[in-house]
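Written below as structure tokens is the structure these notes are about.
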Amino acid sequence: MILIRKTMYDTLVTLDHLEPDSWINLVNPSEEEVQRIALLQGVPLDFLVDPLDADERARLEVEDGVILLVLRVPVENTADPRVPYITMPIGVIITSTAVITVCRAQQDLVSEILNGRARQVDTSRRLRFAITLMQRSALAYLRCLKDINRRSDTIEQALQESMRNQELIDLLGIEKSLVYFTTSLKANDIIMDKVLRLRAVQLSEEEVDLLEDAITENRQAIGMANIYSDILSGTMDAFASIISNNMNMVMKFLAGFTIILMIPNIITGIYGMNVELPMQEWPHAFAVLSVLALGGVAVTWWWFARKRWL
């Protein structure tokens, strides 16, 4: 799908044809659409094809005056709910007449990352558009990291009483997301530094400030991802001990409860034998034996509770 937009009178409008200073947004494009844009805009074909590879790394490339920026951005993982987030490449191509974004996602991921700022974008300021996308992607990472922290807290609360493997599987999924985030954020950080030192373009003072803000927020996300990863690693190490301790507590309770139940079984077992026993002719023998059994249970329970064995 090809979406063409352009800033007119401070408003981002949608066009049905290409114009200078437009934003061309390719969302999961077909091969025909990619070749068409490459021909019309004079962009190397691999600049449009490479960002469609889900494993494409973040990089910066300049060829014949055309700049390619590939960023890794966070995406909610709908294919496998056990891993809440993954990262996906987005290509930003800056030409002399247009800015082109390309992504393999089914949805308009670029507009989602801009998150309401799309209408504040000036498509004629193409490099600023790319820098804005960098900054918003860093903020998207921060939002996702806060959600990951919330999920981790919920799992840790369930973990305190759990003896199942489900919490362990959930934590492993979150750990995978953090690995994706850490790797992608560090790669994006390198790209942002390269843009800041790029000699092929002249950044204005405003663009330099905006890019430095994006670098700061990206590094904040890196720090948060590292902290959450360390905390999660410690939680994972404690998980086995907690599971074992919970199991031991259950087994201790069951063992003590079994011992307590043995007392009435012993008494009833003795009086169930076919031999002469004390009180067998006494009409109140059943009540006395019942009280004796219950008293033994109560005394044993009190003793175990005092020793904290239950």
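Residue numbering restarts at 1 for every chain of the structure tokens, chains are lettered A, B, ... in their displayed order, and ligands are numbered from 1 as they appear.
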Report task. Tell me, as number ranges by chain, which residues lie within 9 Å of A:Leu203, counting only C-alpha atoms; anything in the same chain fewer than 4 positions away does not count. Result -> A: 127-128, 196, 198, 207-208
Please write the residues from the selection above to a file, keeping N, CA, C and O atoms, as a PDB file, in the first residue's frame.
ATOM      1  N   LEU A 127      14.861  15.979   6.652  1.00  0.00           N
ATOM      2  CA  LEU A 127      15.767  15.474   7.684  1.00  0.00           C
ATOM      3  C   LEU A 127      15.150  15.630   9.068  1.00  0.00           C
ATOM      4  O   LEU A 127      15.304  14.762   9.937  1.00  0.00           O
ATOM      5  N   ARG A 128      14.440  16.719   9.286  1.00  0.00           N
ATOM      6  CA  ARG A 128      13.755  16.900  10.565  1.00  0.00           C
ATOM      7  C   ARG A 128      12.683  15.809  10.759  1.00  0.00           C
ATOM      8  O   ARG A 128      12.459  15.343  11.869  1.00  0.00           O
ATOM      9  N   LEU A 196      24.309  12.648  13.590  1.00  0.00           N
ATOM     10  CA  LEU A 196      24.783  13.889  14.202  1.00  0.00           C
ATOM     11  C   LEU A 196      26.106  14.340  13.602  1.00  0.00           C
ATOM     12  O   LEU A 196      26.380  15.543  13.503  1.00  0.00           O
ATOM     13  N   LEU A 198      27.092  13.391  10.458  1.00  0.00           N
ATOM     14  CA  LEU A 198      27.022  13.181   9.021  1.00  0.00           C
ATOM     15  C   LEU A 198      27.398  14.458   8.269  1.00  0.00           C
ATOM     16  O   LEU A 198      26.813  15.521   8.487  1.00  0.00           O
ATOM     17  N   GLU A 207      17.522  21.318  14.518  1.00  0.00           N
ATOM     18  CA  GLU A 207      17.607  19.886  14.243  1.00  0.00           C
ATOM     19  C   GLU A 207      18.643  19.213  15.117  1.00  0.00           C
ATOM     20  O   GLU A 207      18.448  18.073  15.562  1.00  0.00           O
ATOM     21  N   VAL A 208      19.744  19.905  15.380  1.00  0.00           N
ATOM     22  CA  VAL A 208      20.769  19.355  16.275  1.00  0.00           C
ATOM     23  C   VAL A 208      20.201  19.171  17.676  1.00  0.00           C
ATOM     24  O   VAL A 208      20.410  18.125  18.316  1.00  0.00           O
TER      25      VAL A 208
END
Query raised in the report: Which neighbours of A:Arg308 fall inside 12 Å, counting only C-alpha atoms, when residues of the same chain fewer than 6 positions from it are skipped, and could you give them as JSON, numbers by chain?
Result: {"A": [249, 252, 253, 256, 301, 302]}
Query - Within 7 Å of A:Asn25 using only C-alpha atoms, minus same-chain residues under 5 positions, as a VMD selection string - result: chain A and resid 2 to 4 100 to 102
Can you spit out the residues from that selection as a PDB file, in the first residue's frame, using C-alpha atoms?
ATOM      1  CA  ILE A   2       1.268   3.461  -0.902  1.00  0.00           C
ATOM      2  CA  LEU A   3       0.177   6.475   1.139  1.00  0.00           C
ATOM      3  CA  ILE A   4       1.164   9.931  -0.131  1.00  0.00           C
ATOM      4  CA  ILE A 100      10.039   7.859   1.902  1.00  0.00           C
ATOM      5  CA  THR A 101       9.240   5.488   4.743  1.00  0.00           C
ATOM      6  CA  VAL A 102       8.933   1.761   4.214  1.00  0.00           C
TER       7      VAL A 102
END
Requested in this report: Pick out each residue of stretch 96-134 of chain A that DSSP on the backbone tags as helix (DSSP H, G or I); I need them as an NGL selection string.
Outcome: :A and (109-114 or 118-120 or 126-134)
Report task. Would you kindly return, as a ChimeraX atom specification, each protein, DNA or RNA residue with an atom no farther than 8 Å from any atom of stretch 61-75 of chain A, considering only C-alpha atoms and excluding same-chain residues fewer than 5 positions away? Result -> /A:43,47,51,85-96,134,137,140-141,144,181,184-185,187-188,191,200
Query - Nearest residue to A:Leu210 from the set A:Val250, A:Ala287, A:Val195, A:Leu39 (distances using only C-alpha atoms) - result: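 Of all the options, A:Val195 lies closest to A:Leu210.
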Requested in this report: Write out as a ChimeraX atom specification the residues lying within 12 Å of A:Gln157, counting only C-alpha atoms and excluding same-chain residues fewer than 5 positions away.
Outcome: /A:150-152,162,167,235,239,242
Report task. Could you check which of A:Asp213, A:Glu206, A:Asp193, A:Glu175 is closest to A:Asn226, using only C-alpha atoms? Result ->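 The closest residue to A:Asn226 is A:Glu175.
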